[in-house]
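Heads up: the structure comes next, in structure tokens.
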Amino acid sequence: MKLSEAMSRKLNRICIEKNISINKLASMSCLTQSTVQNIVDGNSKNPKTLTIVRICDGLGISLKDFFDDKVFDNIDRED
């Protein structure tokens, strides 16, 4: 699985678990809706680390909590 797909799956799962929309996640993260939507849709192949940090801050979780998930096991290298 590619990293962008893993991040998309993780964010979708978080939104479902927390019952929040992509727009709400964007607002909580101080990001534009299109930025978050592109990550969730898998259109953003290499989002900036700061973007992921902002999403984690908005969710009240650490980067470690975000990436400590089986979905990130066996990530394919994206060239």
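Labeling convention for the structure tokens: chains A, B, ... as they appear, residues from 1 per chain, ligands from 1 in order of appearance.
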
Which of segment 1-72 of chain A DSSP labels alpha helix (DSSP H), written as a ChimeraX atom specification:
/A:3-18,22-28,33-40,49-59,63-67

So that I can see what lies close to Leu59 of chain A, please list as an MDAnalysis selection string the residues with an atom at most 10 Å from it, counting only C-alpha atoms and leaving out residues fewer than 3 positions away in the same chain.
chainID A and resid 14:15 18 25 28:29 53:56 62 66

Restricting the output to C-alpha atoms, write the selected residues as a PDB file, in the first residue's frame.
```pdb
ATOM      1  CA  ILE A  14     -10.845   8.820  12.350  1.00  0.00           C
ATOM      2  CA  CYS A  15     -13.638  10.921  10.844  1.00  0.00           C
ATOM      3  CA  LYS A  18     -15.274  10.773  15.821  1.00  0.00           C
ATOM      4  CA  LEU A  25     -11.643  18.244  10.389  1.00  0.00           C
ATOM      5  CA  MET A  28     -10.327  21.934  13.582  1.00  0.00           C
ATOM      6  CA  SER A  29      -6.911  21.724  11.897  1.00  0.00           C
ATOM      7  CA  VAL A  53       0.999  17.871  12.275  1.00  0.00           C
ATOM      8  CA  ARG A  54      -1.860  20.384  11.989  1.00  0.00           C
ATOM      9  CA  ILE A  55      -4.373  17.602  11.444  1.00  0.00           C
ATOM     10  CA  CYS A  56      -3.038  15.754  14.484  1.00  0.00           C
ATOM     11  CA  SER A  62       0.307  13.067  18.499  1.00  0.00           C
ATOM     12  CA  PHE A  66      -1.514   8.889  14.089  1.00  0.00           C
TER      13      PHE A  66
END
```

Show which residues sit within 8 Å of Leu31 of chain A, as a VMD selection string. Count only C-alpha atoms, and ignore same-chain residues fewer than 4 positions away.
chain A and resid 26 to 27 35 to 36 51 54

Quick one: everything within 8 Å of segment 69-74 of chain A, counting only C-alpha atoms, minus sequence neighbours fewer than 2 positions away in the same chain. Send it as number ranges by chain.
A: 1, 3, 6, 9-10, 65-67, 76

Just the selected residues (C-alpha atoms), exported as a compact mmCIF listing (two decimals), in the first residue's frame, please.
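Here's the written file part-v5.txt:
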```txt
# COMPACT_ATOMS: atom_id res chain seq x y z
CA MET A 1 0.00 0.00 0.00
CA LEU A 3 1.63 6.04 2.01
CA ALA A 6 -2.69 4.61 4.16
CA ARG A 9 -7.70 5.25 5.16
CA LYS A 10 -6.54 6.48 8.57
CA ASP A 65 -0.64 8.14 17.71
CA PHE A 66 -1.51 8.89 14.09
CA PHE A 67 1.16 6.67 12.55
CA ASP A 76 5.36 0.77 -0.60
```

Using Å and a single decimal, report how far atom CA of Ser8 of chain A sits from atom CA of Ile39 of chain A.
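Separating atom CA of Ile39 of chain A from atom CA of Ser8 of chain A is a distance of 6.0 Å.
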
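Between atom CA of Ser4 of chain A and atom CA of Gly58 of chain A the separation is 19.5 Å.
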
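Put simply, atom CA of Ser34 of chain A is 9.1 Å away from atom CA of Ile22 of chain A.
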
From A:Lys2, A:Asn19, A:Asp68, A:Arg13, residue lying nearest Val40 of chain A [only C-alpha atoms]:
A:Arg13

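For the residues A:Ile75, A:Asn12, A:Thr49, A:Ile61, ranking by smallest atom-to-atom distance to Gln37 of chain A using only C-alpha atoms places A:Asn12 first.
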
Minimum-distance residue to Asp57 of chain A, chosen among A:Asn23, A:Cys30, A:Met7, A:Ile16 (using only C-alpha atoms)
A:Cys30
